[in-house]
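Source file protein28.pdb; content: PDB, N, CA and C atoms and all ligand atoms.
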MODEL        1
ATOM      1  N   MET A   1    -154.937 -77.654  92.856
ATOM      2  CA  MET A   1    -156.352 -77.302  92.983
ATOM      3  C   MET A   1    -156.488 -75.899  93.570
ATOM      4  N   VAL A   2    -157.373 -75.129  93.000
ATOM      5  CA  VAL A   2    -157.618 -73.779  93.523
ATOM      6  C   VAL A   2    -158.401 -73.896  94.826
ATOM      7  N   ASN A   3    -157.866 -73.265  95.852
ATOM      8  CA  ASN A   3    -158.575 -73.279  97.141
ATOM      9  C   ASN A   3    -159.300 -71.945  97.312
ATOM     10  N   ILE A   4    -160.525 -71.910  96.839
ATOM     11  CA  ILE A   4    -161.249 -70.638  96.866
ATOM     12  C   ILE A   4    -161.605 -70.208  98.286
ATOM     13  N   ARG A   5    -161.609 -71.145  99.220
ATOM     14  CA  ARG A   5    -161.888 -70.762 100.616
ATOM     15  C   ARG A   5    -160.835 -69.790 101.145
ATOM     16  N   GLU A   6    -159.602 -69.966 100.645
ATOM     17  CA  GLU A   6    -158.527 -69.096 101.134
ATOM     18  C   GLU A   6    -158.495 -67.767 100.387
ATOM     19  N   ILE A   7    -159.169 -67.686  99.248
ATOM     20  CA  ILE A   7    -159.104 -66.480  98.413
ATOM     21  C   ILE A   7    -160.292 -65.564  98.666
ATOM     22  N   TYR A   8    -161.483 -66.158  98.798
ATOM     23  CA  TYR A   8    -162.704 -65.356  98.870
ATOM     24  C   TYR A   8    -163.300 -65.361 100.259
ATOM     25  N   ARG A   9    -164.040 -64.302 100.535
ATOM     26  CA  ARG A   9    -164.665 -64.173 101.863
ATOM     27  C   ARG A   9    -166.088 -64.719 101.802
ATOM     28  N   PHE A  10    -166.230 -65.987 102.084
ATOM     29  CA  PHE A  10    -167.566 -66.593 101.996
ATOM     30  C   PHE A  10    -168.494 -66.161 103.128
ATOM     31  N   ASP A  11    -167.898 -65.576 104.164
ATOM     32  CA  ASP A  11    -168.788 -65.071 105.216
ATOM     33  C   ASP A  11    -169.532 -63.820 104.759
ATOM     34  N   ALA A  12    -169.190 -63.305 103.575
ATOM     35  CA  ALA A  12    -169.951 -62.179 103.014
ATOM     36  C   ALA A  12    -171.305 -62.639 102.471
ATOM     37  N   VAL A  13    -171.446 -63.947 102.266
ATOM     38  CA  VAL A  13    -172.750 -64.478 101.859
ATOM     39  C   VAL A  13    -173.596 -64.606 103.119
ATOM     40  N   GLU A  14    -174.620 -63.787 103.191
ATOM     41  CA  GLU A  14    -175.421 -63.721 104.414
ATOM     42  C   GLU A  14    -176.858 -64.158 104.143
ATOM     43  N   ASN A  15    -177.465 -64.711 105.160
ATOM     44  CA  ASN A  15    -178.868 -65.086 105.070
ATOM     45  C   ASN A  15    -179.716 -63.952 105.653
ATOM     46  N   GLU A  16    -180.412 -63.254 104.783
ATOM     47  CA  GLU A  16    -181.235 -62.130 105.236
ATOM     48  C   GLU A  16    -182.265 -62.557 106.258
ATOM     49  N   ASN A  17    -182.807 -63.755 106.089
ATOM     50  CA  ASN A  17    -183.811 -64.247 107.029
ATOM     51  C   ASN A  17    -183.285 -64.249 108.450
ATOM     52  N   LYS A  18    -182.025 -64.660 108.603
ATOM     53  CA  LYS A  18    -181.482 -64.830 109.949
ATOM     54  C   LYS A  18    -181.521 -63.519 110.727
ATOM     55  N   GLU A  19    -181.052 -62.444 110.118
ATOM     56  CA  GLU A  19    -181.048 -61.147 110.810
ATOM     57  C   GLU A  19    -182.478 -60.702 111.130
ATOM     58  N   TYR A  20    -183.367 -60.933 110.176
ATOM     59  CA  TYR A  20    -184.753 -60.514 110.370
ATOM     60  C   TYR A  20    -185.407 -61.320 111.494
ATOM     61  N   ILE A  21    -185.134 -62.629 111.524
ATOM     62  CA  ILE A  21    -185.686 -63.486 112.573
ATOM     63  C   ILE A  21    -185.212 -63.019 113.947
ATOM     64  N   ILE A  22    -183.928 -62.682 114.046
ATOM     65  CA  ILE A  22    -183.384 -62.240 115.336
ATOM     66  C   ILE A  22    -184.062 -60.942 115.775
ATOM     67  N   ASP A  23    -184.282 -60.019 114.830
ATOM     68  CA  ASP A  23    -185.000 -58.771 115.159
ATOM     69  C   ASP A  23    -186.391 -59.066 115.701
ATOM     70  N   LEU A  24    -187.130 -59.933 114.978
ATOM     71  CA  LEU A  24    -188.502 -60.244 115.388
ATOM     72  C   LEU A  24    -188.524 -61.006 116.714
ATOM     73  N   LEU A  25    -187.531 -61.876 116.902
ATOM     74  CA  LEU A  25    -187.473 -62.648 118.145
ATOM     75  C   LEU A  25    -187.227 -61.728 119.339
ATOM     76  N   GLU A  26    -186.400 -60.719 119.157
ATOM     77  CA  GLU A  26    -186.162 -59.762 120.240
ATOM     78  C   GLU A  26    -187.472 -59.071 120.633
ATOM     79  N   GLU A  27    -188.256 -58.685 119.637
ATOM     80  CA  GLU A  27    -189.549 -58.054 119.926
ATOM     81  C   GLU A  27    -190.470 -59.024 120.654
ATOM     82  N   LEU A  28    -190.460 -60.279 120.199
ATOM     83  CA  LEU A  28    -191.319 -61.286 120.800
ATOM     84  C   LEU A  28    -190.918 -61.546 122.258
ATOM     85  N   LEU A  29    -189.614 -61.587 122.529
ATOM     86  CA  LEU A  29    -189.133 -61.839 123.890
ATOM     87  C   LEU A  29    -189.498 -60.680 124.824
ATOM     88  N   ASP A  30    -189.531 -59.466 124.280
ATOM     89  CA  ASP A  30    -189.952 -58.319 125.083
ATOM     90  C   ASP A  30    -191.424 -58.441 125.460
ATOM     91  N   ALA A  31    -192.208 -58.993 124.546
ATOM     92  CA  ALA A  31    -193.659 -59.057 124.751
ATOM     93  C   ALA A  31    -194.072 -60.292 125.547
ATOM     94  N   ASP A  32    -193.333 -61.392 125.417
ATOM     95  CA  ASP A  32    -193.725 -62.658 126.017
ATOM     96  C   ASP A  32    -192.599 -63.187 126.905
ATOM     97  N   HIS A  33    -192.756 -63.016 128.209
ATOM     98  CA  HIS A  33    -191.704 -63.409 129.143
ATOM     99  C   HIS A  33    -191.755 -64.884 129.526
ATOM    100  N   THR A  34    -192.655 -65.656 128.902
ATOM    101  CA  THR A  34    -192.714 -67.086 129.208
ATOM    102  C   THR A  34    -191.754 -67.891 128.335
ATOM    103  N   ILE A  35    -191.192 -67.260 127.301
ATOM    104  CA  ILE A  35    -190.279 -67.976 126.408
ATOM    105  C   ILE A  35    -188.909 -68.090 127.075
ATOM    106  N   CYS A  36    -188.368 -69.306 127.079
ATOM    107  CA  CYS A  36    -187.050 -69.508 127.672
ATOM    108  C   CYS A  36    -186.008 -68.768 126.833
ATOM    109  N   THR A  37    -185.115 -68.052 127.512
ATOM    110  CA  THR A  37    -184.104 -67.272 126.800
ATOM    111  C   THR A  37    -182.701 -67.843 126.976
ATOM    112  N   CYS A  38    -182.605 -69.131 127.346
ATOM    113  CA  CYS A  38    -181.269 -69.717 127.407
ATOM    114  C   CYS A  38    -180.751 -69.855 125.961
ATOM    115  N   GLU A  39    -179.437 -69.941 125.830
ATOM    116  CA  GLU A  39    -178.835 -69.955 124.494
ATOM    117  C   GLU A  39    -179.336 -71.123 123.650
ATOM    118  N   GLN A  40    -179.469 -72.296 124.285
ATOM    119  CA  GLN A  40    -179.926 -73.479 123.554
ATOM    120  C   GLN A  40    -181.298 -73.248 122.925
ATOM    121  N   CYS A  41    -182.230 -72.729 123.703
ATOM    122  CA  CYS A  41    -183.586 -72.519 123.192
ATOM    123  C   CYS A  41    -183.606 -71.427 122.126
ATOM    124  N   ILE A  42    -182.892 -70.340 122.353
ATOM    125  CA  ILE A  42    -182.886 -69.237 121.379
ATOM    126  C   ILE A  42    -182.299 -69.717 120.051
ATOM    127  N   LEU A  43    -181.193 -70.446 120.097
ATOM    128  CA  LEU A  43    -180.570 -70.932 118.861
ATOM    129  C   LEU A  43    -181.469 -71.959 118.176
ATOM    130  N   ASP A  44    -182.121 -72.816 118.968
ATOM    131  CA  ASP A  44    -183.063 -73.788 118.391
ATOM    132  C   ASP A  44    -184.217 -73.068 117.685
ATOM    133  N   ILE A  45    -184.746 -72.026 118.320
ATOM    134  CA  ILE A  45    -185.861 -71.276 117.725
ATOM    135  C   ILE A  45    -185.435 -70.682 116.386
ATOM    136  N   VAL A  46    -184.240 -70.095 116.362
ATOM    137  CA  VAL A  46    -183.767 -69.478 115.112
ATOM    138  C   VAL A  46    -183.542 -70.547 114.040
ATOM    139  N   ALA A  47    -182.954 -71.684 114.422
ATOM    140  CA  ALA A  47    -182.683 -72.747 113.450
ATOM    141  C   ALA A  47    -183.977 -73.324 112.879
ATOM    142  N   ILE A  48    -184.955 -73.589 113.747
ATOM    143  CA  ILE A  48    -186.237 -74.146 113.277
ATOM    144  C   ILE A  48    -186.931 -73.138 112.366
ATOM    145  N   THR A  49    -186.920 -71.870 112.755
ATOM    146  CA  THR A  49    -187.551 -70.844 111.922
ATOM    147  C   THR A  49    -186.892 -70.787 110.547
ATOM    148  N   LEU A  50    -185.561 -70.810 110.510
ATOM    149  CA  LEU A  50    -184.835 -70.776 109.233
ATOM    150  C   LEU A  50    -185.221 -71.965 108.351
ATOM    151  N   ASN A  51    -185.375 -73.121 108.951
ATOM    152  CA  ASN A  51    -185.727 -74.316 108.184
ATOM    153  C   ASN A  51    -187.141 -74.251 107.610
ATOM    154  N   GLU A  52    -187.990 -73.443 108.222
ATOM    155  CA  GLU A  52    -189.370 -73.307 107.740
ATOM    156  C   GLU A  52    -189.478 -72.354 106.555
ATOM    157  N   LEU A  53    -188.459 -71.562 106.325
ATOM    158  CA  LEU A  53    -188.547 -70.483 105.331
ATOM    159  C   LEU A  53    -187.729 -70.786 104.087
ATOM    160  N   GLN A  54    -188.160 -70.169 102.974
ATOM    161  CA  GLN A  54    -187.336 -70.203 101.770
ATOM    162  C   GLN A  54    -186.049 -69.437 102.067
ATOM    163  N   PRO A  55    -184.909 -69.978 101.627
ATOM    164  CA  PRO A  55    -183.650 -69.254 101.867
ATOM    165  C   PRO A  55    -183.659 -67.885 101.185
ATOM    166  N   ARG A  56    -182.958 -66.956 101.770
ATOM    167  CA  ARG A  56    -182.880 -65.579 101.256
ATOM    168  C   ARG A  56    -181.463 -65.090 101.404
ATOM    169  N   TYR A  57    -180.579 -65.635 100.585
ATOM    170  CA  TYR A  57    -179.174 -65.246 100.704
ATOM    171  C   TYR A  57    -178.864 -64.032  99.851
ATOM    172  N   ARG A  58    -177.898 -63.284 100.324
ATOM    173  CA  ARG A  58    -177.395 -62.154  99.547
ATOM    174  C   ARG A  58    -175.911 -62.002  99.856
ATOM    175  N   VAL A  59    -175.240 -61.223  99.030
ATOM    176  CA  VAL A  59    -173.822 -60.954  99.270
ATOM    177  C   VAL A  59    -173.714 -59.624 100.002
ATOM    178  N   GLY A  60    -173.308 -59.693 101.253
ATOM    179  CA  GLY A  60    -173.307 -58.509 102.110
ATOM    180  C   GLY A  60    -172.466 -57.369 101.581
ATOM    181  N   ILE A  61    -171.306 -57.670 101.028
ATOM    182  CA  ILE A  61    -170.411 -56.589 100.606
ATOM    183  C   ILE A  61    -170.954 -55.821  99.408
ATOM    184  N   LEU A  62    -171.904 -56.403  98.697
ATOM    185  CA  LEU A  62    -172.491 -55.711  97.548
ATOM    186  C   LEU A  62    -173.780 -54.991  97.920
ATOM    187  N   GLY A  63    -174.129 -55.002  99.169
ATOM    188  CA  GLY A  63    -175.317 -54.279  99.605
ATOM    189  C   GLY A  63    -176.538 -55.163  99.592
ATOM    190  N   SER A  64    -177.578 -54.636 100.202
ATOM    191  CA  SER A  64    -178.800 -55.400 100.382
ATOM    192  C   SER A  64    -179.661 -55.397  99.134
ATOM    193  N   ILE A  65    -180.263 -56.529  98.850
ATOM    194  CA  ILE A  65    -181.292 -56.575  97.815
ATOM    195  C   ILE A  65    -182.555 -55.974  98.414
ATOM    196  N   ASP A  66    -183.122 -55.002  97.726
ATOM    197  CA  ASP A  66    -184.327 -54.364  98.262
ATOM    198  C   ASP A  66    -185.482 -55.348  98.286
ATOM    199  N   ILE A  67    -186.149 -55.390  99.428
ATOM    200  CA  ILE A  67    -187.360 -56.202  99.504
ATOM    201  C   ILE A  67    -188.490 -55.401  98.862
ATOM    202  N   ASP A  68    -189.148 -56.003  97.918
ATOM    203  CA  ASP A  68    -190.282 -55.374  97.254
ATOM    204  C   ASP A  68    -191.307 -54.945  98.309
ATOM    205  N   GLN A  69    -191.635 -53.657  98.316
ATOM    206  CA  GLN A  69    -192.574 -53.140  99.323
ATOM    207  C   GLN A  69    -193.904 -53.891  99.304
ATOM    208  N   ARG A  70    -194.360 -54.200  98.099
ATOM    209  CA  ARG A  70    -195.648 -54.864  97.947
ATOM    210  C   ARG A  70    -195.654 -56.214  98.646
ATOM    211  N   ASN A  71    -194.507 -56.887  98.608
ATOM    212  CA  ASN A  71    -194.432 -58.232  99.185
ATOM    213  C   ASN A  71    -193.923 -58.232 100.623
ATOM    214  N   HIS A  72    -193.600 -57.051 101.131
ATOM    215  CA  HIS A  72    -192.933 -57.039 102.427
ATOM    216  C   HIS A  72    -193.827 -57.530 103.557
ATOM    217  N   SER A  73    -195.085 -57.074 103.572
ATOM    218  CA  SER A  73    -195.953 -57.482 104.678
ATOM    219  C   SER A  73    -196.255 -58.978 104.595
ATOM    220  N   GLU A  74    -196.365 -59.482 103.376
ATOM    221  CA  GLU A  74    -196.574 -60.919 103.197
ATOM    222  C   GLU A  74    -195.352 -61.695 103.714
ATOM    223  N   TYR A  75    -194.172 -61.203 103.389
ATOM    224  CA  TYR A  75    -192.930 -61.810 103.858
ATOM    225  C   TYR A  75    -192.868 -61.770 105.386
ATOM    226  N   GLN A  76    -193.225 -60.601 105.946
ATOM    227  CA  GLN A  76    -193.195 -60.458 107.393
ATOM    228  C   GLN A  76    -194.152 -61.446 108.059
ATOM    229  N   ASP A  77    -195.363 -61.585 107.511
ATOM    230  CA  ASP A  77    -196.338 -62.534 108.058
ATOM    231  C   ASP A  77    -195.794 -63.958 108.028
ATOM    232  N   THR A  78    -195.148 -64.314 106.927
ATOM    233  CA  THR A  78    -194.587 -65.664 106.782
ATOM    234  C   THR A  78    -193.520 -65.920 107.841
ATOM    235  N   VAL A  79    -192.659 -64.937 108.056
ATOM    236  CA  VAL A  79    -191.589 -65.097 109.044
ATOM    237  C   VAL A  79    -192.181 -65.177 110.453
ATOM    238  N   VAL A  80    -193.158 -64.324 110.746
ATOM    239  CA  VAL A  80    -193.778 -64.329 112.073
ATOM    240  C   VAL A  80    -194.438 -65.684 112.352
ATOM    241  N   ARG A  81    -195.146 -66.210 111.350
ATOM    242  CA  ARG A  81    -195.792 -67.523 111.538
ATOM    243  C   ARG A  81    -194.760 -68.611 111.789
ATOM    244  N   ALA A  82    -193.676 -68.600 111.020
ATOM    245  CA  ALA A  82    -192.617 -69.602 111.193
ATOM    246  C   ALA A  82    -191.976 -69.468 112.573
ATOM    247  N   LEU A  83    -191.809 -68.229 113.008
ATOM    248  CA  LEU A  83    -191.206 -67.977 114.315
ATOM    249  C   LEU A  83    -192.115 -68.481 115.437
ATOM    250  N   GLN A  84    -193.412 -68.223 115.309
ATOM    251  CA  GLN A  84    -194.356 -68.683 116.335
ATOM    252  C   GLN A  84    -194.387 -70.208 116.412
ATOM    253  N   TYR A  85    -194.314 -70.842 115.236
ATOM    254  CA  TYR A  85    -194.260 -72.306 115.190
ATOM    255  C   TYR A  85    -193.000 -72.812 115.910
ATOM    256  N   ALA A  86    -191.870 -72.169 115.653
ATOM    257  CA  ALA A  86    -190.608 -72.591 116.269
ATOM    258  C   ALA A  86    -190.645 -72.410 117.784
ATOM    259  N   VAL A  87    -191.192 -71.283 118.226
ATOM    260  CA  VAL A  87    -191.292 -71.027 119.668
ATOM    261  C   VAL A  87    -192.155 -72.100 120.330
ATOM    262  N   MET A  88    -193.277 -72.446 119.671
ATOM    263  CA  MET A  88    -194.168 -73.467 120.208
ATOM    264  C   MET A  88    -193.431 -74.809 120.324
ATOM    265  N   ARG A  89    -192.713 -75.177 119.268
ATOM    266  CA  ARG A  89    -191.999 -76.463 119.289
ATOM    267  C   ARG A  89    -190.935 -76.514 120.370
ATOM    268  N   VAL A  90    -190.161 -75.446 120.481
ATOM    269  CA  VAL A  90    -189.077 -75.427 121.471
ATOM    270  C   VAL A  90    -189.644 -75.370 122.890
ATOM    271  N   THR A  91    -190.730 -74.633 123.072
ATOM    272  CA  THR A  91    -191.335 -74.528 124.399
ATOM    273  C   THR A  91    -191.903 -75.874 124.843
ATOM    274  N   GLU A  92    -192.487 -76.602 123.881
ATOM    275  CA  GLU A  92    -193.062 -77.906 124.217
ATOM    276  C   GLU A  92    -191.997 -78.973 124.441
ATOM    277  N   ASN A  93    -190.873 -78.823 123.756
ATOM    278  CA  ASN A  93    -189.835 -79.848 123.831
ATOM    279  C   ASN A  93    -188.448 -79.213 123.858
ATOM    280  N   PRO A  94    -188.121 -78.531 124.949
ATOM    281  CA  PRO A  94    -186.832 -77.816 124.997
ATOM    282  C   PRO A  94    -185.650 -78.780 125.122
ATOM    283  N   HIS A  95    -184.518 -78.390 124.538
ATOM    284  CA  HIS A  95    -183.311 -79.219 124.615
ATOM    285  C   HIS A  95    -182.381 -78.780 125.736
ATOM    286  N   HIS A  96    -182.767 -77.716 126.440
ATOM    287  CA  HIS A  96    -181.884 -77.267 127.527
ATOM    288  C   HIS A  96    -181.934 -78.278 128.677
ATOM    289  N   SER A  97    -180.907 -78.209 129.517
ATOM    290  CA  SER A  97    -180.914 -79.089 130.674
ATOM    291  C   SER A  97    -181.999 -78.619 131.634
ATOM    292  N   VAL A  98    -182.339 -79.473 132.575
ATOM    293  CA  VAL A  98    -183.446 -79.169 133.488
ATOM    294  C   VAL A  98    -183.139 -77.915 134.301
ATOM    295  N   ILE A  99    -181.864 -77.799 134.686
ATOM    296  CA  ILE A  99    -181.476 -76.619 135.470
ATOM    297  C   ILE A  99    -180.976 -75.546 134.491
ATOM    298  N   PHE A 100    -181.678 -74.467 134.418
ATOM    299  CA  PHE A 100    -181.240 -73.369 133.581
ATOM    300  C   PHE A 100    -181.602 -72.053 134.229
ATOM    301  N   THR A 101    -180.955 -71.014 133.802
ATOM    302  CA  THR A 101    -181.197 -69.712 134.403
ATOM    303  C   THR A 101    -182.260 -68.979 133.626
ATOM    304  N   ARG A 102    -183.292 -68.602 134.305
ATOM    305  CA  ARG A 102    -184.340 -67.792 133.697
ATOM    306  C   ARG A 102    -183.904 -66.345 133.675
ATOM    307  N   ARG A 103    -184.277 -65.669 132.620
ATOM    308  CA  ARG A 103    -183.990 -64.239 132.549
ATOM    309  C   ARG A 103    -184.785 -63.531 133.635
ATOM    310  N   SER A 104    -184.139 -62.667 134.363
ATOM    311  CA  SER A 104    -184.867 -61.927 135.392
ATOM    312  C   SER A 104    -185.573 -60.731 134.775
ATOM    313  N   GLY A 105    -186.650 -60.311 135.424
ATOM    314  CA  GLY A 105    -187.411 -59.156 134.913
ATOM    315  C   GLY A 105    -188.428 -59.662 134.008
TER
HETATM  316 ZN    ZN A 201    -183.997 -73.000 127.395
ENDMDL
END

Could the structure of this file be written out as structure tokens, please?
Ligand SMILES: [Zn+2]
Amino acid sequence: MVNIREIYRFDAVENENKEYIIDLLEELLDADHTICTCEQCILDIVAITLNELQPRYRVGILGSIDIDQRNHSEYQDTVVRALQYAVMRVTENPHHSVIFTRRSG
């Protein structure tokens, strides 16, 4: 049997949404200091946001697929809404332990 896992670099298949969500989340965390920044909550927020969105995979080594300018703001709005929903869900029902370290500042 051909073992393509050993031949091809599947980590080159990237989810464009994920990088974009992380960028937007960083901006949101700068603006809103009430969001828990422990690893559990941050990863939960990203996972929930990803599940709310249509997948957007591309092959990294072949370069980025250009996002149509006309649709970009619509795409951005969709991601922001999904992110806000995820933050709300995680904030209301966090999976972190009761004792956690809050980000200072
Ligand atoms: Zn947390």

Near-ligand residues for ligand ZN 201 (chain A), threshold 6 Å, only C-alpha atoms and all ligand atoms, as a list in words: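 So, counting only C-alpha atoms and all ligand atoms, the residues near ligand ZN 201 (chain A) are Cys36, Thr37, Cys38, Gln40, Cys41 and His96 of chain A.
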
File of the preceding selection, N, CA and C atoms, as a tab-separated table (two decimals), in the frame of the given file:
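Contents of again.tsv, freshly written:
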chain	number	residue	atom	x	y	z
A	36	CYS	N	-188.37	-69.31	127.08
A	36	CYS	CA	-187.05	-69.51	127.67
A	36	CYS	C	-186.01	-68.77	126.83
A	37	THR	N	-185.12	-68.05	127.51
A	37	THR	CA	-184.10	-67.27	126.80
A	37	THR	C	-182.70	-67.84	126.98
A	38	CYS	N	-182.60	-69.13	127.35
A	38	CYS	CA	-181.27	-69.72	127.41
A	38	CYS	C	-180.75	-69.86	125.96
A	40	GLN	N	-179.47	-72.30	124.28
A	40	GLN	CA	-179.93	-73.48	123.55
A	40	GLN	C	-181.30	-73.25	122.92
A	41	CYS	N	-182.23	-72.73	123.70
A	41	CYS	CA	-183.59	-72.52	123.19
A	41	CYS	C	-183.61	-71.43	122.13
A	96	HIS	N	-182.77	-77.72	126.44
A	96	HIS	CA	-181.88	-77.27	127.53
A	96	HIS	C	-181.93	-78.28	128.68

d(CA of Asn17 in chain A, CA of Arg56 in chain A) in Å: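 Going from CA of Asn17 in chain A over to CA of Arg56 in chain A covers 6.0 Å.
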
DSSP strand (DSSP E or B) selection over chain A, as a list in words: Val13, Glu14, Asn15, Tyr57, Arg58 and Val59 of chain A

Please identify every residue of range 26-78 of chain A that has at least one atom no farther than 8 Å from an atom of range 85-95 of chain A, counting all atoms listed in the file, and for each give the shortest atom pair and the distance in Å to one decimal, arranged by chain then increasing number, as a Markdown table.
| residue | atom | partner | partner_atom | distance |
| --- | --- | --- | --- | --- |
| A:Thr34 | C | A:Thr91 | CA | 7.7 |
| A:Ile35 | CA | A:Thr91 | CA | 6.9 |
| A:Cys36 | N | A:Thr91 | CA | 6.6 |
| A:Gln40 | CA | A:His95 | C | 6.2 |
| A:Cys41 | CA | A:His95 | N | 6.1 |
| A:Asp44 | C | A:Ala86 | C | 6.5 |
| A:Ile45 | CA | A:Ala86 | C | 4.9 |
| A:Val46 | N | A:Ala86 | CA | 6.8 |
| A:Ala47 | C | A:Ala86 | CA | 7.5 |
| A:Ile48 | C | A:Ala86 | CA | 5.4 |
| A:Thr49 | N | A:Ala86 | CA | 5.1 |
| A:Leu50 | N | A:Ala86 | CA | 7.9 |

Expected file contents, prior selection, N, CA and C atoms, as a short mmCIF file (atom, residue, chain, number, x, y, z; two decimals), in the frame of the given file:
data_model
loop_
_atom_site.label_atom_id
_atom_site.label_comp_id
_atom_site.auth_asym_id
_atom_site.auth_seq_id
_atom_site.Cartn_x
_atom_site.Cartn_y
_atom_site.Cartn_z
N THR A 34 -192.66 -65.66 128.90
CA THR A 34 -192.71 -67.09 129.21
C THR A 34 -191.75 -67.89 128.34
N ILE A 35 -191.19 -67.26 127.30
CA ILE A 35 -190.28 -67.98 126.41
C ILE A 35 -188.91 -68.09 127.08
N CYS A 36 -188.37 -69.31 127.08
CA CYS A 36 -187.05 -69.51 127.67
C CYS A 36 -186.01 -68.77 126.83
N GLN A 40 -179.47 -72.30 124.28
CA GLN A 40 -179.93 -73.48 123.55
C GLN A 40 -181.30 -73.25 122.92
N CYS A 41 -182.23 -72.73 123.70
CA CYS A 41 -183.59 -72.52 123.19
C CYS A 41 -183.61 -71.43 122.13
N ASP A 44 -182.12 -72.82 118.97
CA ASP A 44 -183.06 -73.79 118.39
C ASP A 44 -184.22 -73.07 117.68
N ILE A 45 -184.75 -72.03 118.32
CA ILE A 45 -185.86 -71.28 117.72
C ILE A 45 -185.44 -70.68 116.39
N VAL A 46 -184.24 -70.10 116.36
CA VAL A 46 -183.77 -69.48 115.11
C VAL A 46 -183.54 -70.55 114.04
N ALA A 47 -182.95 -71.68 114.42
CA ALA A 47 -182.68 -72.75 113.45
C ALA A 47 -183.98 -73.32 112.88
N ILE A 48 -184.96 -73.59 113.75
CA ILE A 48 -186.24 -74.15 113.28
C ILE A 48 -186.93 -73.14 112.37
N THR A 49 -186.92 -71.87 112.76
CA THR A 49 -187.55 -70.84 111.92
C THR A 49 -186.89 -70.79 110.55
N LEU A 50 -185.56 -70.81 110.51
CA LEU A 50 -184.84 -70.78 109.23
C LEU A 50 -185.22 -71.96 108.35
#

Selected residue of minimal separation from Gly60 in chain A among A:Leu83, A:Ile21, A:Leu43, A:Val13, counting all atoms listed in the file: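 Ranked by minimum distance to Gly60 in chain A, first place goes to A:Val13.
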
Atom pair CA of Glu39 in chain A / atom C of Tyr20 in chain A: separation (Å):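 Going from CA of Glu39 in chain A over to atom C of Tyr20 in chain A, I get 16.9 Å.
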
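Note that CA of Glu52 in chain A and CA of Ala82 in chain A are 6.0 Å apart.
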